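What follows is the content of target-v2.csv (CSV, C-alpha atoms and all ligand atoms).
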```csv
chain,number,residue,atom,x,y,z
A,1,MET,CA,49.8,62.8,183.0
A,2,SER,CA,52.9,64.2,184.6
A,3,ARG,CA,53.7,67.9,184.8
A,4,ILE,CA,55.8,69.3,182.0
A,5,ALA,CA,59.1,70.5,183.3
A,6,VAL,CA,60.4,72.0,180.0
A,7,ARG,CA,58.5,73.1,176.9
A,8,CYS,CA,59.9,74.6,173.7
A,9,LYS,CA,57.5,76.0,171.1
A,10,GLU,CA,58.7,76.9,167.5
A,11,LEU,CA,62.1,77.7,168.9
A,12,SER,CA,64.6,79.1,166.4
A,13,ARG,CA,68.1,80.5,166.6
A,14,SER,CA,70.3,81.8,163.7
A,15,TYR,CA,73.9,82.9,163.6
A,16,GLY,CA,74.2,85.3,160.7
A,17,THR,CA,72.9,83.3,157.7
A,18,THR,CA,73.3,79.9,159.6
A,19,ALA,CA,70.1,78.5,161.0
A,20,ALA,CA,71.5,76.6,164.0
A,21,LEU,CA,67.9,75.7,165.1
A,22,SER,CA,64.6,76.0,163.4
A,23,GLY,CA,61.0,75.4,164.6
A,24,ILE,CA,61.9,73.1,167.6
A,25,ASN,CA,58.8,71.8,169.5
A,26,LEU,CA,59.3,69.6,172.5
A,27,GLU,CA,58.0,68.8,175.9
A,28,VAL,CA,59.9,67.1,178.7
A,29,GLU,CA,57.9,65.5,181.5
A,30,GLU,CA,58.9,65.9,185.1
A,31,GLY,CA,61.2,63.1,186.3
A,32,SER,CA,62.1,61.9,182.7
A,33,PHE,CA,65.3,61.8,180.7
A,34,LEU,CA,65.5,63.3,177.3
A,35,ALA,CA,68.6,62.5,175.2
A,36,LEU,CA,69.3,65.0,172.3
A,37,LEU,CA,71.2,63.0,169.7
A,38,GLY,CA,72.7,64.1,166.4
A,39,PRO,CA,75.9,64.6,164.5
A,40,SER,CA,78.3,67.5,165.2
A,41,GLY,CA,76.9,70.8,164.2
A,42,CYS,CA,73.2,69.7,164.2
A,43,GLY,CA,72.2,72.2,166.9
A,44,LYS,CA,72.2,70.1,170.1
A,45,THR,CA,74.3,72.5,172.2
A,46,THR,CA,72.5,75.5,170.9
A,47,LEU,CA,69.2,74.0,172.1
A,48,LEU,CA,70.7,73.3,175.5
A,49,ARG,CA,72.1,76.8,175.7
A,50,LEU,CA,68.7,78.3,174.8
A,51,ILE,CA,67.0,76.3,177.5
A,52,ALA,CA,69.7,77.4,180.0
A,53,GLY,CA,69.5,81.0,179.0
A,54,PHE,CA,73.0,81.4,177.7
A,55,GLU,CA,71.6,82.3,174.3
A,56,ARG,CA,68.6,84.3,173.2
A,57,PRO,CA,66.3,82.8,170.6
A,58,ASN,CA,65.4,84.6,167.4
A,59,GLY,CA,61.9,83.2,167.7
A,60,GLY,CA,59.7,80.9,169.7
A,61,VAL,CA,59.2,80.2,173.4
A,62,VAL,CA,61.0,78.4,176.2
A,63,GLU,CA,59.1,77.4,179.4
A,64,VAL,CA,60.8,76.0,182.5
A,65,GLY,CA,58.6,74.7,185.4
A,66,GLY,CA,55.5,76.1,183.8
A,67,LYS,CA,57.0,79.7,183.6
A,68,THR,CA,57.9,81.3,180.3
A,69,VAL,CA,61.6,82.2,180.4
A,70,ALA,CA,62.1,83.2,176.8
A,71,ALA,CA,59.6,84.6,174.3
A,72,PRO,CA,59.4,87.6,172.0
A,73,GLY,CA,60.1,90.5,174.3
A,74,LEU,CA,60.8,88.4,177.3
A,75,PHE,CA,64.1,87.0,178.5
A,76,VAL,CA,64.8,85.5,182.0
A,77,PHE,CA,68.6,85.3,182.8
A,78,PRO,CA,70.1,81.8,183.5
A,79,GLU,CA,70.4,82.3,187.3
A,80,ARG,CA,66.7,82.9,187.6
A,81,ARG,CA,65.6,79.9,185.5
A,82,LYS,CA,65.8,77.0,188.0
A,83,VAL,CA,68.1,75.2,185.7
A,84,GLY,CA,71.0,73.1,186.8
A,85,ILE,CA,74.0,72.6,184.5
A,86,VAL,CA,76.8,70.1,184.4
A,87,PHE,CA,79.5,71.2,182.0
A,88,GLN,CA,81.5,68.9,179.9
A,89,ASP,CA,84.7,69.6,181.9
A,90,TYR,CA,82.6,69.7,185.2
A,91,ALA,CA,83.9,73.3,186.0
A,92,LEU,CA,84.4,72.6,189.7
A,93,PHE,CA,85.9,75.6,191.6
A,94,PRO,CA,89.5,74.4,192.1
A,95,HIS,CA,90.0,76.4,195.3
A,96,LEU,CA,86.9,75.1,197.1
A,97,ASN,CA,86.6,71.7,198.6
A,98,VAL,CA,83.8,69.2,197.6
A,99,GLY,CA,81.4,70.4,200.3
A,100,ASP,CA,81.9,74.1,199.5
A,101,ASN,CA,81.5,73.3,195.7
A,102,ILE,CA,78.2,71.7,196.4
A,103,ALA,CA,77.0,74.4,198.8
A,104,TYR,CA,77.9,77.2,196.3
A,105,GLY,CA,74.5,77.7,194.8
A,106,LEU,CA,72.6,77.4,198.1
A,107,ILE,CA,71.2,80.3,200.0
A,108,ARG,CA,73.3,80.9,203.2
A,109,GLY,CA,71.9,79.8,206.6
A,110,THR,CA,69.4,77.2,207.8
A,111,ASP,CA,69.8,73.8,206.2
A,112,ARG,CA,72.8,74.3,204.0
A,113,LYS,CA,75.0,71.7,205.8
A,114,GLU,CA,72.2,69.1,205.8
A,115,ARG,CA,71.6,69.7,202.1
A,116,VAL,CA,75.3,69.2,201.3
A,117,GLU,CA,75.3,65.9,203.3
A,118,GLU,CA,72.1,64.8,201.5
A,119,MET,CA,73.7,65.5,198.1
A,120,LEU,CA,77.0,63.7,199.1
A,121,SER,CA,75.0,60.7,200.2
A,122,LEU,CA,73.0,60.8,196.9
A,123,VAL,CA,76.2,60.7,194.8
A,124,ARG,CA,77.7,58.1,197.2
A,125,MET,CA,80.6,60.4,198.3
A,126,LYS,CA,79.8,60.8,202.0
A,127,ASN,CA,83.4,60.9,203.1
A,128,TYR,CA,84.6,63.3,200.5
A,129,ASN,CA,83.4,66.6,202.0
A,130,SER,CA,86.9,68.0,202.6
A,131,ARG,CA,88.6,66.7,199.5
A,132,MET,CA,89.8,69.2,196.9
A,133,PRO,CA,88.8,68.8,193.3
A,134,HIS,CA,92.4,67.9,192.2
A,135,GLU,CA,92.3,64.9,194.6
A,136,LEU,CA,89.3,63.3,192.8
A,137,SER,CA,89.1,61.0,189.8
A,138,GLY,CA,87.2,62.1,186.6
A,139,GLY,CA,84.1,60.1,187.6
A,140,GLU,CA,84.2,61.5,191.2
A,141,GLN,CA,84.5,65.1,189.8
A,142,GLN,CA,81.5,64.5,187.7
A,143,ARG,CA,79.4,63.2,190.6
A,144,VAL,CA,80.4,66.4,192.6
A,145,ALA,CA,79.3,68.5,189.6
A,146,ILE,CA,76.0,66.7,189.5
A,147,ALA,CA,75.6,67.1,193.3
A,148,ARG,CA,76.3,70.9,193.0
A,149,ALA,CA,73.8,71.3,190.1
A,150,LEU,CA,71.1,69.3,191.9
A,151,ALA,CA,71.6,71.0,195.4
A,152,PRO,CA,69.3,74.0,194.8
A,153,GLY,CA,66.5,71.7,193.5
A,154,PRO,CA,66.4,72.8,189.8
A,155,GLU,CA,63.4,72.1,187.6
A,156,VAL,CA,65.7,70.5,185.1
A,157,LEU,CA,69.3,69.3,184.9
A,158,LEU,CA,71.2,69.9,181.6
A,159,LEU,CA,74.2,67.9,180.8
A,160,ASP,CA,76.4,68.6,177.8
A,161,GLU,CA,78.2,65.5,176.5
A,162,PRO,CA,78.5,64.2,180.1
A,163,PHE,CA,80.8,61.2,179.4
A,164,SER,CA,83.1,62.5,176.7
A,165,ASN,CA,85.9,63.2,179.1
A,166,LEU,CA,86.0,59.7,180.5
A,167,ASP,CA,88.0,56.7,179.2
A,168,ALA,CA,86.1,54.4,177.0
A,169,ASP,CA,86.1,51.5,179.5
A,170,LEU,CA,84.9,53.8,182.3
A,171,ARG,CA,82.1,55.3,180.3
A,172,THR,CA,79.8,52.3,180.3
A,173,ARG,CA,80.1,51.8,184.1
A,174,ILE,CA,79.8,55.5,184.9
A,175,ARG,CA,76.8,56.2,182.7
A,176,SER,CA,74.8,53.4,184.6
A,177,GLU,CA,75.9,54.9,187.9
A,178,VAL,CA,74.9,58.4,186.8
A,179,LYS,CA,71.5,57.2,185.5
A,180,GLY,CA,70.9,55.5,188.8
A,181,ILE,CA,71.8,58.6,190.8
A,182,LEU,CA,69.6,60.9,188.7
A,183,ALA,CA,66.7,58.5,188.8
A,184,CYS,CA,67.0,58.2,192.6
A,185,ALA,CA,66.9,62.0,192.8
A,186,GLY,CA,63.8,62.1,190.6
A,187,ALA,CA,65.6,64.6,188.4
A,188,THR,CA,64.3,65.8,185.1
A,189,VAL,CA,67.2,65.6,182.7
A,190,ILE,CA,68.1,66.8,179.2
A,191,PHE,CA,71.4,65.7,177.9
A,192,VAL,CA,73.3,66.1,174.7
A,193,THR,CA,75.3,63.3,173.0
A,194,HIS,CA,76.5,62.3,169.6
A,195,ASP,CA,76.7,58.7,170.8
A,196,GLN,CA,73.8,56.5,169.6
A,197,GLU,CA,74.2,53.8,172.2
A,198,GLU,CA,74.5,56.3,175.0
A,199,ALA,CA,71.3,58.1,174.0
A,200,LEU,CA,69.3,54.9,173.6
A,201,PHE,CA,70.6,53.6,177.0
A,202,MET,CA,70.1,56.8,179.0
A,203,GLY,CA,67.1,58.4,177.5
A,204,ASP,CA,63.4,57.7,178.3
A,205,ARG,CA,63.0,59.5,175.1
A,206,VAL,CA,65.4,60.4,172.4
A,207,GLY,CA,65.3,63.5,170.2
A,208,VAL,CA,67.2,62.9,167.0
A,209,MET,CA,68.4,66.2,165.4
A,210,ASN,CA,69.7,67.0,162.0
A,211,SER,CA,70.6,70.4,160.5
A,212,GLY,CA,68.8,72.4,163.3
A,213,LYS,CA,65.6,70.4,163.2
A,214,LEU,CA,64.2,67.7,165.4
A,215,GLU,CA,63.7,64.7,163.1
A,216,GLN,CA,62.0,62.5,165.6
A,217,LEU,CA,61.2,62.6,169.4
A,218,ASP,CA,60.3,59.2,170.7
A,219,THR,CA,61.1,56.3,173.0
A,220,PRO,CA,64.4,54.5,172.2
A,221,GLU,CA,62.6,51.5,171.0
A,222,ALA,CA,60.4,53.5,168.6
A,223,ILE,CA,63.5,55.4,167.3
A,224,PHE,CA,65.2,52.2,166.6
A,225,HIS,CA,62.3,50.1,165.2
A,226,THR,CA,60.2,52.7,163.5
A,227,PRO,CA,62.5,55.6,162.4
A,228,ALA,CA,60.5,58.5,161.1
A,229,THR,CA,63.0,59.5,158.4
A,230,THR,CA,65.8,57.9,156.4
A,231,PHE,CA,68.2,60.2,158.4
A,232,VAL,CA,67.1,58.7,161.7
A,233,ALA,CA,67.4,55.1,160.4
A,234,ARG,CA,70.9,55.8,159.0
A,235,PHE,CA,72.1,57.7,162.0
A,236,ILE,CA,70.9,55.1,164.6
A,237,GLY,CA,72.6,52.3,162.6
A,238,THR,CA,73.0,48.9,164.0
A,239,THR,CA,72.3,49.1,167.8
A,240,ASP,CA,69.5,46.8,168.8
A,241,PHE,CA,67.5,45.8,171.9
A,242,LEU,CA,67.5,42.4,173.5
A,243,ASP,CA,65.0,41.3,176.1
A,244,GLY,CA,66.5,40.1,179.3
A,245,LYS,CA,66.9,40.2,183.0
A,246,THR,CA,69.8,41.3,185.1
A,247,GLU,CA,70.6,39.4,188.3
B,301,LIG,P1,76.2,70.6,168.0
B,301,LIG,O1,76.1,70.9,169.5
B,301,LIG,O2,75.1,69.7,167.6
B,301,LIG,O3,77.5,70.1,167.6
B,301,LIG,P2,75.9,73.5,167.8
B,301,LIG,O4,74.6,73.8,168.4
B,301,LIG,O5,77.1,73.7,168.5
B,301,LIG,O6,75.9,72.0,167.3
B,301,LIG,O7,76.0,74.3,166.4
B,301,LIG,C1,74.9,74.3,165.4
B,301,LIG,C2,75.3,75.2,164.3
B,301,LIG,O8,75.4,76.6,164.7
B,301,LIG,C3,76.7,74.9,163.7
B,301,LIG,O9,76.6,75.1,162.3
B,301,LIG,C4,77.6,75.9,164.3
B,301,LIG,O10,78.7,76.2,163.5
B,301,LIG,C5,76.7,77.1,164.5
B,301,LIG,N1,77.1,77.9,165.7
B,301,LIG,C6,77.0,77.5,167.0
B,301,LIG,N2,77.4,78.5,167.8
B,301,LIG,C7,77.7,79.6,167.0
B,301,LIG,C8,78.2,80.9,167.3
B,301,LIG,N3,78.4,81.4,168.5
B,301,LIG,N4,78.5,81.7,166.2
B,301,LIG,C9,78.3,81.2,164.9
B,301,LIG,N5,77.8,80.0,164.6
B,301,LIG,C10,77.5,79.2,165.7
```

Let's see the structure in the file written out as structure tokens.
Amino acid sequence: MSRIAVRCKELSRSYGTTAALSGINLEVEEGSFLALLGPSGCGKTTLLRLIAGFERPNGGVVEVGGKTVAAPGLFVFPERRKVGIVFQDYALFPHLNVGDNIAYGLIRGTDRKERVEEMLSLVRMKNYNSRMPHELSGGEQQRVAIARALAPGPEVLLLDEPFSNLDADLRTRIRSEVKGILACAGATVIFVTHDQEEALFMGDRVGVMNSGKLEQLDTPEAIFHTPATTFVARFIGTTDFLDGKTE
């Protein structure tokens, strides 16, 4: 069995009297993609933020790369968690060119330049080193944000609604491209979406959330064909799988 890159045990978070998350248990294997899917307000972003370390849990445990990063009486800050994050608006540094954006999280010295070139090649943007963020399309900015997040070699890459800023017709093409890039990098990925089709397409496993709870964590096929609850069945709706070959 593969190594577990991220583990949550009985993870909970409340805001006042609102239980944003309760009793979340999940494991993400190294090199796999987990899609967190659910309606607005179900707790997806809170779960991502707890794994990143932007929030403290009220209870439970988070482990990243086999190390406990949050538990009662223990809290490791985000910069020490080996977690890469791609924000919804990409959050590139506007005054730094593409190469410097990617190099930002790398330790100065030795193989910094080589690593930037490796990342540019991974995201298929070899000739873009000197471009400024405002000279890039939305899809290109996203690839730079992915390259920057992957450059330091994180244990897990977290993506929050990664395609919501793109035009509808671009989304389908770009999500295949991003899936290819991340698979090529061997990255472990957790991403949040409210789009059923996107979750079923991108995830090796899909976690369907409702009112702060994980209703089902399973393969896309199992989520679709054997929903564990009425909520999952209703939420997944009419998407289906067809066997086929691409040429
Ligand atoms: P999702 O990402 O699925 O839309 P969130 O994780 O953002 O959901 O929110 C889950 C619940 O927690 C919602 O009811 C939301 O209003 C509440 N919540 C999230 N962040 C805060 C906060 N900082 N203060 C108060 N309530 C919050």

Give me, please, the distance in Å between atom CA of A:Ser211 and atom CA of A:Gly41, quoted to one decimal.
7.3 Å

Here is a test: counting all atoms listed in the file, which residue of A:Ile223, A:Ile190, A:Ala147, A:Ala228 is nearest to A:Met119?
A:Ala147

Near-A:Phe75 list (12 Å; all atoms listed in the file; drop same-chain fewer than 3 positions) as a list in words
Leu50, Ile51, Ala52, Gly53, Phe54, Glu55, Arg56, Pro57, Asn58, Gly59, Gly60, Val61, Val62, Glu63, Lys67, Thr68, Val69, Ala70, Ala71, Pro72, Pro78, Glu79, Arg80 and Arg81 of chain A

Could you please take those selected residues and save C-alpha atoms as a PDB file, in the coordinates of the input?
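Below you can see result24.pdb, which holds the result:
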```pdb
ATOM      1  CA  LEU A  50      68.700  78.300 174.800  1.00  0.00           C
ATOM      2  CA  ILE A  51      67.000  76.300 177.500  1.00  0.00           C
ATOM      3  CA  ALA A  52      69.700  77.400 180.000  1.00  0.00           C
ATOM      4  CA  GLY A  53      69.500  81.000 179.000  1.00  0.00           C
ATOM      5  CA  PHE A  54      73.000  81.400 177.700  1.00  0.00           C
ATOM      6  CA  GLU A  55      71.600  82.300 174.300  1.00  0.00           C
ATOM      7  CA  ARG A  56      68.600  84.300 173.200  1.00  0.00           C
ATOM      8  CA  PRO A  57      66.300  82.800 170.600  1.00  0.00           C
ATOM      9  CA  ASN A  58      65.400  84.600 167.400  1.00  0.00           C
ATOM     10  CA  GLY A  59      61.900  83.200 167.700  1.00  0.00           C
ATOM     11  CA  GLY A  60      59.700  80.900 169.700  1.00  0.00           C
ATOM     12  CA  VAL A  61      59.200  80.200 173.400  1.00  0.00           C
ATOM     13  CA  VAL A  62      61.000  78.400 176.200  1.00  0.00           C
ATOM     14  CA  GLU A  63      59.100  77.400 179.400  1.00  0.00           C
ATOM     15  CA  LYS A  67      57.000  79.700 183.600  1.00  0.00           C
ATOM     16  CA  THR A  68      57.900  81.300 180.300  1.00  0.00           C
ATOM     17  CA  VAL A  69      61.600  82.200 180.400  1.00  0.00           C
ATOM     18  CA  ALA A  70      62.100  83.200 176.800  1.00  0.00           C
ATOM     19  CA  ALA A  71      59.600  84.600 174.300  1.00  0.00           C
ATOM     20  CA  PRO A  72      59.400  87.600 172.000  1.00  0.00           C
ATOM     21  CA  PRO A  78      70.100  81.800 183.500  1.00  0.00           C
ATOM     22  CA  GLU A  79      70.400  82.300 187.300  1.00  0.00           C
ATOM     23  CA  ARG A  80      66.700  82.900 187.600  1.00  0.00           C
ATOM     24  CA  ARG A  81      65.600  79.900 185.500  1.00  0.00           C
TER      25      ARG A  81
END
```

Check which residues of chain A sit at most 8 Å from ligand LIG 301 (chain B) using all atoms listed in the file, and return one row each with the closest pair of atoms and their distance in Å to one decimal, ordered by chain and rising number, as a Markdown table.
```
| residue | atom | partner | partner_atom | distance |
| --- | --- | --- | --- | --- |
| A:Ser14 | CA | B:LIG301 | O8 | 7.4 |
| A:Tyr15 | CA | B:LIG301 | C9 | 4.9 |
| A:Gly16 | CA | B:LIG301 | C9 | 7.2 |
| A:Thr18 | CA | B:LIG301 | O9 | 6.4 |
| A:Ala19 | CA | B:LIG301 | O8 | 6.7 |
| A:Ala20 | CA | B:LIG301 | O8 | 4.0 |
| A:Leu21 | CA | B:LIG301 | C1 | 7.1 |
| A:Gly38 | CA | B:LIG301 | O2 | 6.2 |
| A:Pro39 | CA | B:LIG301 | O2 | 6.0 |
| A:Ser40 | CA | B:LIG301 | O3 | 3.6 |
| A:Gly41 | CA | B:LIG301 | O6 | 3.5 |
| A:Cys42 | CA | B:LIG301 | O2 | 3.9 |
| A:Gly43 | CA | B:LIG301 | O4 | 3.3 |
| A:Lys44 | CA | B:LIG301 | O2 | 3.8 |
| A:Thr45 | CA | B:LIG301 | O1 | 3.6 |
| A:Thr46 | CA | B:LIG301 | O4 | 3.7 |
| A:Leu47 | CA | B:LIG301 | O4 | 6.5 |
| A:Val192 | CA | B:LIG301 | O1 | 7.6 |
| A:His194 | CA | B:LIG301 | O2 | 7.8 |
| A:Met209 | CA | B:LIG301 | O2 | 7.9 |
| A:Ser211 | CA | B:LIG301 | C1 | 7.6 |
| A:Gly212 | CA | B:LIG301 | C1 | 6.7 |
```

A straight line from atom CA of A:Arg124 to atom CA of A:Val28 spans 27.2 Å

Could you check which of A:Arg108, A:Asp89, A:Arg3, A:Leu158 is closest to A:Arg49, using all atoms listed in the file?
A:Leu158

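Straight-line separation from atom CA of A:Leu11 to atom CA of A:Leu214: 10.8 Å.
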
Fewer than 3 positions away in the same chain doesn't count, so skip those; otherwise give me all residues within 9 Å of A:Tyr128, counting all atoms listed in the file, as a list in words.
Asn97, Val98, Gly99, Leu120, Met125, Arg131 and Met132 of chain A

Serialized selection, C-alpha atoms, as a PDB file, keeping the file's coordinate frame:
```pdb
ATOM      1  CA  ASN A  97      86.600  71.700 198.600  1.00  0.00           C
ATOM      2  CA  VAL A  98      83.800  69.200 197.600  1.00  0.00           C
ATOM      3  CA  GLY A  99      81.400  70.400 200.300  1.00  0.00           C
ATOM      4  CA  LEU A 120      77.000  63.700 199.100  1.00  0.00           C
ATOM      5  CA  MET A 125      80.600  60.400 198.300  1.00  0.00           C
ATOM      6  CA  ARG A 131      88.600  66.700 199.500  1.00  0.00           C
ATOM      7  CA  MET A 132      89.800  69.200 196.900  1.00  0.00           C
TER       8      MET A 132
END
```

Using only C-alpha atoms, which protein or nucleic acid residues come within 9 Å of A:Ala183? Drop anything in the same chain fewer than 3 positions from it, and give the result as a PyMOL selection string.
chain A and resi 31-33+178-180+186-188

Just checking: using only C-alpha atoms, which residue out of A:Val189, A:Leu92, A:Val232, A:Ile4 ends up closest to A:Leu136?
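Closest residue, counting only C-alpha atoms: A:Leu92.
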
Within 8 Å of (82.0, 67.6, 192.1), in the coordinates the file gives, what residues turn up when you count only C-alpha atoms, written out as a PyMOL selection string?
chain A and resi 90+92+98+101-102+133+140-148

As a list in words, please: the residues near A:Val64 (cut-off 7 Å, all atoms listed in the file, same-chain neighbours under 6 positions excluded).
Ala5, Val6, Arg7, Arg81 and Glu155 of chain A
